[in-house]
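The structure appears below as structure tokens.
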Amino acid sequence: MKIFPVLLIAIPLGAAFLVPICFKIWRRLAEIITGLAVAAVLALSVYLALFLPAGQPLVYLFGNWPIPIGIMFVVDKLSAFMLVVVAILVFLSYVYATKYMDHFTGPGKFYTLYLLMLVGMLGVVMTGDLFNMFVFMEIAAIASYALVAFGTEPEELEAGFKYMVMGEIASLMILLAIAFIYAGTGTLNLADLSQAFAVMDKTPGFYFVLVLLVFGFSLKAALAPFISWLPDAHPAAPAPVSALLSGVLVKVLGIYALARVIFNVYGFSRASDPLVLNVFVILGLASIVIGGLLALRQKDYKRLLADSTLSQVGYIVLALGIGNEFALIGALAHILSHALGKGLLFLTAGAVEYRVGERDLTKFSGGLGKQMPWTSLSYNLGALSVAGMPPFLGFFSKLFIILGAVQAGMIIPAVVAGLFAVVTLGYLLKITNKVFWGKEGVKGIKEAPFVMVLAMVCLVALLLGGGVFFFWLKPNLLQPAADVLLQGVKYAEIVFRIGAGG
Amino acid sequence: MIVLVISLALFLVGLYAIITKRNMIKVAIGFSLMEYAVNFLLAIVGFRPGALPPILKAVEVGKVYADPLPQALVLTSIVIGLGVTAFLLALALRLYNRIGSFDLEEIQRLKG
């Protein structure tokens with residue numbers, strides 16, 4: 001088990017550079033290698049999430065340097081949970097992409113970028129070093145810029161350019177913060193930083209660096225004031241990539257990094273620093289409202305889903321800001337349920353586009369439900385989950401966020417969160433109404449190909465299973481991951497103890 | 001202190017270029033300026049007045065050595081910066097081939 005973190009990086013990274021060579025030999029060989037790598041990542045992640053003991057993170061020291069000196073990987077329960085979320089969606093999107101990417105040129109390049117994006121996300125989740133986190137973030141981000149512009153139509157190139165400008169401003173803000181942090185503390189190791197911050201004077205400079213970091217991560221997560229790029233970038237990518245961008249990329253680069261730094265490095269908690277956490281409550285609420293309202297008046301299938309992502313990411317940040325146990329469990333559950341749910345909805349958008357060739361909702365006359373029954377069923381069940389209807393996983397995640405808000409005595413956030421669950425259902429049903437329901441229909445449209453339907457049905461099954469077996473999911477995956485965030489700066493103690501061989 | 005002011009000023013000049021310029025090449029130049037600013041700051045962080053290069057044969061008490069880590073960080077970030085600049089320019093060129101303009105307002109297709 002000790003070697004797993006390295007394998008998780010080495011396997012997809014090696015495969016990424018084998019793919020172009022294999023593609024020259026035989027097209028399917030590239031697909032098979034990608035599939036093997038992605039399946040290996042899924043198997044390792046699931047094993048880690050199930051069998052990693054709580055409070056006993058894996059610490060892998062590169063070159064066996066003692067802790068504050070070298071680079072290290074730390075896999076605790078929170079990392080393992082994020083690994084599983086990433087791996088499941090990447091695996092199912094891959095299954096879907098094997099068919100979907102047929103009508104694109106250059107699938108060899110696609111799989112290379114796909115695996116590099118996976119490497120970047122896995123690295124961000126596992127690393128225990130701030131600069132290393134930045135490097136992996138850039139790997140994932142640059143691969144995602146290329147994937148957004150993959151179709152090379154003018155719209156897609158423009159979306160890629162916009163996305164890149166915003167993403168790079170965020171990255172440079174984070175790098176600037178890293179430079180200041182190194183100047184101030186002389187260390188970049190997350191555990192060591194956490195101890196250095198604890199004894200530091202809280203000067204204006206200290207808060208300036210915090211603002212830079214929060215600004216950078218919020219831009220990557222597309223929180224309320226910085227939303228302009230997401231509704232352009234996510235719909236422009238090919239559908240399996242849109243699913244990954246909305247499903248996991250914003251959460252890993254934005255939310256996970258933010259949560260790790262805020263809770264485990266700075267050690268903020270609701271009890272000690274309510275002011276800092278209230279900032280996140282406000283950012284989250286603003287995102288929920290703005291994203292929801294944008295989605296209500298949206299007329300493009302994929303853009304509507306992207307606007308909805310803004311709103312749903314707002315729920316996660318709101319829950320992080322509330323910061324008590326219920327809310328954090330809700331935040332993590334929402335990361336899982338939104339990754340699966342929004343991934344699923346983007347895949348259905350791809351299936352419809354694959355068969356009909358249209359994304360503009362005003363051009364649909366309904367009735368696709370008869371011709372594409374499985375896609376229609378997947379969309380409707382996925383929409384119910386994203387909107388938060390029982391018995392799906394999405395219901396429990398929103399329930400826990402609202403319970404957390406009520407427990408913390410925040411009535412207005414609880415009311416807004418509940419109200420916008422209904423708004424979510426409203427805008428998602430708009431697609432059901434325009435595309436899937438009704439008698440009329442374009443003649444001669446078939447159901448999506450088998451592997452695409454398979455990927456969608458698997459996601460529906462996971463959402464339904466996650467809801468029905470929530471009583472198993474909560475103590476085994478969500479609670480230990482939330483405990484990592486709740487333990488705050490004790491993270492450093494544990495990492496130092498394990499890293500010293502304890 | 002003066003170093004801090006210089007690099008922050010350079011950073012803001014780059015940011016200004018990115019925000020206000022409509023030409024995609026100028027936006028890419030803005031990014032280069034911002035990268036230089038951060039790299040400059042990082043390199044200066046390792047500076048110690050009168051320091052020796054950090055090549056240790058035996059630990060000598062009382063000598064000051066420069067911090068080698070920021071140099072490694074700068075090298076990494078220069079490489080990342082190269083990738084970013086190259087990809088930005090590649091996107092700009094692809095757009096130019098499609099539309100015949102580097103002007104961001106003329107190429108604008110996406111809206112709300």
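We name chains A, B, ... following the order of the structure tokens; residues begin at 1 in each chain, and ligands are numbered from 1 as shown.
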
- Query: chain A residues within 10 Å of chain B, counting only C-alpha atoms: which ones, as a ChimeraX atom specification?
  - Reply: /A:69,131-132,134-135,138-139,141-142,145-146,149,152-162,164-166,168-169,172-173,175-180,182-184,186-187,228,231-233,236,294,297-300,303,307

- Query: Where does DSSP see alpha helix (DSSP H) in chain B, if you list the residues as a VMD selection string?
  - Reply: chain B and resid 2 to 20 24 to 45 69 to 99

- Can you tell me, as a list in words, what residues are no more than 12 Å from Pro20 of chain A when counting only C-alpha atoms, ignoring any on the same chain fewer than 4 positions away?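 Answer for this query is Gly14, Ala15, Ala16, Lys24, Ile25, Trp26, Arg27, Arg28, Leu29, Ala30, Glu31, Ile33, Thr34, Gly106, Pro107, Gly108, Lys109, Phe110, Tyr111, Thr112, Leu113 and Leu115 of chain A.
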
Residue subset to file, keeping N, CA and C atoms, as a PDB file, in the first residue's frame:
ATOM      1  N   GLY A  14       2.868   7.484 -17.448  1.00  0.00           N
ATOM      2  CA  GLY A  14       3.538   6.636 -18.429  1.00  0.00           C
ATOM      3  C   GLY A  14       2.631   6.361 -19.614  1.00  0.00           C
ATOM      4  N   ALA A  15       1.362   6.030 -19.312  1.00  0.00           N
ATOM      5  CA  ALA A  15       0.420   5.715 -20.384  1.00  0.00           C
ATOM      6  C   ALA A  15       0.210   6.919 -21.295  1.00  0.00           C
ATOM      7  N   ALA A  16       0.200   8.126 -20.693  1.00  0.00           N
ATOM      8  CA  ALA A  16      -0.051   9.333 -21.489  1.00  0.00           C
ATOM      9  C   ALA A  16       0.957   9.447 -22.616  1.00  0.00           C
ATOM     10  N   LYS A  24       0.152   5.315 -33.471  1.00  0.00           N
ATOM     11  CA  LYS A  24       0.750   5.150 -34.800  1.00  0.00           C
ATOM     12  C   LYS A  24       0.686   3.682 -35.245  1.00  0.00           C
ATOM     13  N   ILE A  25       0.794   2.755 -34.268  1.00  0.00           N
ATOM     14  CA  ILE A  25       0.803   1.331 -34.602  1.00  0.00           C
ATOM     15  C   ILE A  25      -0.605   0.853 -34.925  1.00  0.00           C
ATOM     16  N   TRP A  26      -1.504   1.050 -33.946  1.00  0.00           N
ATOM     17  CA  TRP A  26      -2.870   0.587 -34.151  1.00  0.00           C
ATOM     18  C   TRP A  26      -3.780   1.467 -33.301  1.00  0.00           C
ATOM     19  N   ARG A  27      -4.794   2.031 -33.918  1.00  0.00           N
ATOM     20  CA  ARG A  27      -5.645   2.989 -33.273  1.00  0.00           C
ATOM     21  C   ARG A  27      -6.230   2.480 -31.958  1.00  0.00           C
ATOM     22  N   ARG A  28      -6.739   1.231 -32.010  1.00  0.00           N
ATOM     23  CA  ARG A  28      -7.405   0.689 -30.813  1.00  0.00           C
ATOM     24  C   ARG A  28      -6.432   0.432 -29.674  1.00  0.00           C
ATOM     25  N   LEU A  29      -5.137   0.220 -30.021  1.00  0.00           N
ATOM     26  CA  LEU A  29      -4.150  -0.044 -28.982  1.00  0.00           C
ATOM     27  C   LEU A  29      -4.049   1.161 -28.032  1.00  0.00           C
ATOM     28  N   ALA A  30      -4.108   2.369 -28.606  1.00  0.00           N
ATOM     29  CA  ALA A  30      -4.064   3.576 -27.771  1.00  0.00           C
ATOM     30  C   ALA A  30      -5.248   3.593 -26.808  1.00  0.00           C
ATOM     31  N   GLU A  31      -6.425   3.227 -27.343  1.00  0.00           N
ATOM     32  CA  GLU A  31      -7.611   3.197 -26.478  1.00  0.00           C
ATOM     33  C   GLU A  31      -7.464   2.168 -25.373  1.00  0.00           C
ATOM     34  N   ILE A  33      -4.712   0.973 -24.026  1.00  0.00           N
ATOM     35  CA  ILE A  33      -3.739   1.387 -23.004  1.00  0.00           C
ATOM     36  C   ILE A  33      -4.347   2.428 -22.074  1.00  0.00           C
ATOM     37  N   THR A  34      -5.071   3.411 -22.671  1.00  0.00           N
ATOM     38  CA  THR A  34      -5.741   4.396 -21.828  1.00  0.00           C
ATOM     39  C   THR A  34      -6.699   3.695 -20.871  1.00  0.00           C
ATOM     40  N   GLY A 106      -7.875  13.047 -34.584  1.00  0.00           N
ATOM     41  CA  GLY A 106      -6.794  13.020 -33.605  1.00  0.00           C
ATOM     42  C   GLY A 106      -7.143  12.473 -32.240  1.00  0.00           C
ATOM     43  N   PRO A 107      -7.817  11.303 -32.157  1.00  0.00           N
ATOM     44  CA  PRO A 107      -8.103  10.757 -30.830  1.00  0.00           C
ATOM     45  C   PRO A 107      -6.837  10.406 -30.049  1.00  0.00           C
ATOM     46  N   GLY A 108      -5.723  10.161 -30.740  1.00  0.00           N
ATOM     47  CA  GLY A 108      -4.481   9.877 -30.029  1.00  0.00           C
ATOM     48  C   GLY A 108      -4.102  11.030 -29.122  1.00  0.00           C
ATOM     49  N   LYS A 109      -4.189  12.265 -29.680  1.00  0.00           N
ATOM     50  CA  LYS A 109      -3.875  13.443 -28.869  1.00  0.00           C
ATOM     51  C   LYS A 109      -4.890  13.598 -27.743  1.00  0.00           C
ATOM     52  N   PHE A 110      -6.148  13.264 -28.059  1.00  0.00           N
ATOM     53  CA  PHE A 110      -7.184  13.388 -27.031  1.00  0.00           C
ATOM     54  C   PHE A 110      -6.847  12.553 -25.806  1.00  0.00           C
ATOM     55  N   TYR A 111      -6.468  11.274 -26.035  1.00  0.00           N
ATOM     56  CA  TYR A 111      -6.214  10.410 -24.869  1.00  0.00           C
ATOM     57  C   TYR A 111      -4.978  10.855 -24.108  1.00  0.00           C
ATOM     58  N   THR A 112      -3.963  11.384 -24.805  1.00  0.00           N
ATOM     59  CA  THR A 112      -2.792  11.896 -24.090  1.00  0.00           C
ATOM     60  C   THR A 112      -3.197  13.021 -23.151  1.00  0.00           C
ATOM     61  N   LEU A 113      -3.963  13.998 -23.688  1.00  0.00           N
ATOM     62  CA  LEU A 113      -4.378  15.127 -22.856  1.00  0.00           C
ATOM     63  C   LEU A 113      -5.271  14.669 -21.712  1.00  0.00           C
ATOM     64  N   LEU A 115      -5.261  11.775 -20.172  1.00  0.00           N
ATOM     65  CA  LEU A 115      -4.490  11.156 -19.098  1.00  0.00           C
ATOM     66  C   LEU A 115      -3.666  12.198 -18.346  1.00  0.00           C
TER      67      LEU A 115
END

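Using only C-alpha atoms, the smallest distance between any of A:Gly388, A:Pro225, A:Pro274, A:Pro480 and Ile322 of chain A comes from A:Pro274.
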
- Task: Point out the residue among A:Val86, A:Leu425, A:Leu384, A:Leu122 with the least atom-to-atom distance to Leu336 of chain A, counting only C-alpha atoms.
- Result: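 Of the candidates, the smallest distance to Leu336 of chain A is held by A:Val86.
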
Counting only C-alpha atoms, which residues of segment 469-502 of chain A fall within 10 Å of segment 393-403 of chain A, and what is the closest atom pair for each with its distance in Å at one decimal, ordered by chain and rising number, as CSV?
residue,atom,partner,partner_atom,distance
A:Phe469,CA,A:Leu393,CA,8.9
A:Phe470,CA,A:Leu393,CA,7.3
A:Leu473,CA,A:Leu393,CA,10.0
A:Lys474,CA,A:Phe396,CA,10.0

Mind checking DSSP for chain B and telling me the strand (DSSP E or B) residues as a PDB file with all heavy atoms, in the first residue's frame?
ATOM      1  N   ASN B  23      -5.769  42.966 -28.327  1.00  0.00           N
ATOM      2  CA  ASN B  23      -4.972  42.137 -29.224  1.00  0.00           C
ATOM      3  C   ASN B  23      -4.444  40.922 -28.467  1.00  0.00           C
ATOM      4  O   ASN B  23      -3.853  41.033 -27.393  1.00  0.00           O
ATOM      5  CB  ASN B  23      -3.813  42.988 -29.746  1.00  0.00           C
ATOM      6  CG  ASN B  23      -3.032  42.267 -30.812  1.00  0.00           C
ATOM      7  OD1 ASN B  23      -2.692  41.108 -30.636  1.00  0.00           O
ATOM      8  ND2 ASN B  23      -2.749  42.942 -31.895  1.00  0.00           N
ATOM      9  N   LEU B  52      27.642  33.031   0.063  1.00  0.00           N
ATOM     10  CA  LEU B  52      28.403  32.141  -0.810  1.00  0.00           C
ATOM     11  C   LEU B  52      27.440  31.260  -1.581  1.00  0.00           C
ATOM     12  O   LEU B  52      26.298  31.059  -1.157  1.00  0.00           O
ATOM     13  CB  LEU B  52      29.316  31.258   0.045  1.00  0.00           C
ATOM     14  CG  LEU B  52      30.396  31.973   0.841  1.00  0.00           C
ATOM     15  CD1 LEU B  52      31.045  31.011   1.808  1.00  0.00           C
ATOM     16  CD2 LEU B  52      31.426  32.574  -0.099  1.00  0.00           C
ATOM     17  N   TYR B  65      25.135  31.329   3.351  1.00  0.00           N
ATOM     18  CA  TYR B  65      24.944  30.710   2.048  1.00  0.00           C
ATOM     19  C   TYR B  65      23.632  31.180   1.432  1.00  0.00           C
ATOM     20  O   TYR B  65      22.657  31.418   2.152  1.00  0.00           O
ATOM     21  CB  TYR B  65      24.924  29.186   2.167  1.00  0.00           C
ATOM     22  CG  TYR B  65      26.261  28.610   2.543  1.00  0.00           C
ATOM     23  CD1 TYR B  65      26.560  28.313   3.865  1.00  0.00           C
ATOM     24  CD2 TYR B  65      27.227  28.393   1.574  1.00  0.00           C
ATOM     25  CE1 TYR B  65      27.797  27.810   4.222  1.00  0.00           C
ATOM     26  CE2 TYR B  65      28.467  27.885   1.914  1.00  0.00           C
ATOM     27  CZ  TYR B  65      28.750  27.593   3.239  1.00  0.00           C
ATOM     28  OH  TYR B  65      29.971  27.102   3.562  1.00  0.00           O
ATOM     29  N   ASP B 103      -7.909  40.531 -33.021  1.00  0.00           N
ATOM     30  CA  ASP B 103      -8.700  41.385 -32.148  1.00  0.00           C
ATOM     31  C   ASP B 103      -9.747  40.565 -31.409  1.00  0.00           C
ATOM     32  O   ASP B 103     -10.606  39.929 -32.018  1.00  0.00           O
ATOM     33  CB  ASP B 103      -9.375  42.480 -32.991  1.00  0.00           C
ATOM     34  CG  ASP B 103      -9.936  43.566 -32.112  1.00  0.00           C
ATOM     35  OD1 ASP B 103     -10.463  43.236 -31.041  1.00  0.00           O
ATOM     36  OD2 ASP B 103      -9.846  44.743 -32.494  1.00  0.00           O
TER      37      ASP B 103
END

- Find the residues near segment 95-102 of chain A: any atom within 7 Å, counting only C-alpha atoms, skip ones fewer than 4 places away on the same chain, and give them as a VMD selection string. chain A and resid 91 107 240 451 to 452 455

Atoms to include: all heavy atoms. Write the selected residues as an mmCIF file, in the first residue's frame.
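The result, written out as selection_11.cif:
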data_model
loop_
_atom_site.group_PDB
_atom_site.id
_atom_site.type_symbol
_atom_site.label_atom_id
_atom_site.label_comp_id
_atom_site.auth_asym_id
_atom_site.auth_seq_id
_atom_site.Cartn_x
_atom_site.Cartn_y
_atom_site.Cartn_z
ATOM 1 N N PHE A 91 -13.111 7.171 -15.286
ATOM 2 C CA PHE A 91 -13.271 5.853 -15.896
ATOM 3 C C PHE A 91 -14.531 5.809 -16.771
ATOM 4 O O PHE A 91 -14.489 5.376 -17.927
ATOM 5 C CB PHE A 91 -13.342 4.778 -14.808
ATOM 6 C CG PHE A 91 -13.503 3.391 -15.351
ATOM 7 C CD1 PHE A 91 -12.432 2.736 -15.922
ATOM 8 C CD2 PHE A 91 -14.729 2.743 -15.311
ATOM 9 C CE1 PHE A 91 -12.566 1.466 -16.444
ATOM 10 C CE2 PHE A 91 -14.877 1.472 -15.829
ATOM 11 C CZ PHE A 91 -13.792 0.835 -16.403
ATOM 12 N N PRO A 107 -7.817 11.303 -32.157
ATOM 13 C CA PRO A 107 -8.103 10.757 -30.830
ATOM 14 C C PRO A 107 -6.837 10.406 -30.049
ATOM 15 O O PRO A 107 -6.870 10.387 -28.818
ATOM 16 C CB PRO A 107 -8.927 9.486 -31.117
ATOM 17 C CG PRO A 107 -8.993 9.340 -32.568
ATOM 18 C CD PRO A 107 -8.338 10.466 -33.239
ATOM 19 N N PRO A 240 -17.452 14.149 -23.082
ATOM 20 C CA PRO A 240 -16.825 13.462 -21.949
ATOM 21 C C PRO A 240 -15.904 14.382 -21.161
ATOM 22 O O PRO A 240 -15.767 14.239 -19.947
ATOM 23 C CB PRO A 240 -16.032 12.322 -22.582
ATOM 24 C CG PRO A 240 -16.177 12.426 -24.024
ATOM 25 C CD PRO A 240 -17.133 13.498 -24.358
ATOM 26 N N VAL A 451 -21.970 1.672 -25.661
ATOM 27 C CA VAL A 451 -21.049 2.036 -24.575
ATOM 28 C C VAL A 451 -21.424 3.382 -23.955
ATOM 29 O O VAL A 451 -21.238 3.592 -22.752
ATOM 30 C CB VAL A 451 -19.575 2.083 -25.051
ATOM 31 C CG1 VAL A 451 -19.034 0.702 -25.266
ATOM 32 C CG2 VAL A 451 -19.406 2.941 -26.270
ATOM 33 N N MET A 452 -21.992 4.289 -24.781
ATOM 34 C CA MET A 452 -22.395 5.580 -24.228
ATOM 35 C C MET A 452 -23.553 5.400 -23.264
ATOM 36 O O MET A 452 -23.567 5.964 -22.160
ATOM 37 C CB MET A 452 -22.759 6.537 -25.365
ATOM 38 C CG MET A 452 -21.516 7.013 -26.107
ATOM 39 S SD MET A 452 -21.790 7.752 -27.714
ATOM 40 C CE MET A 452 -22.721 9.194 -27.350
ATOM 41 N N ALA A 455 -22.257 3.867 -19.969
ATOM 42 C CA ALA A 455 -21.648 4.819 -19.036
ATOM 43 C C ALA A 455 -22.724 5.604 -18.299
ATOM 44 O O ALA A 455 -22.644 5.807 -17.079
ATOM 45 C CB ALA A 455 -20.720 5.765 -19.789
#

- Could you jot down the atom CA of Gly404 of chain A to atom CA of Ala327 of chain A separation for me, Å, one decimal place? 4.3 Å
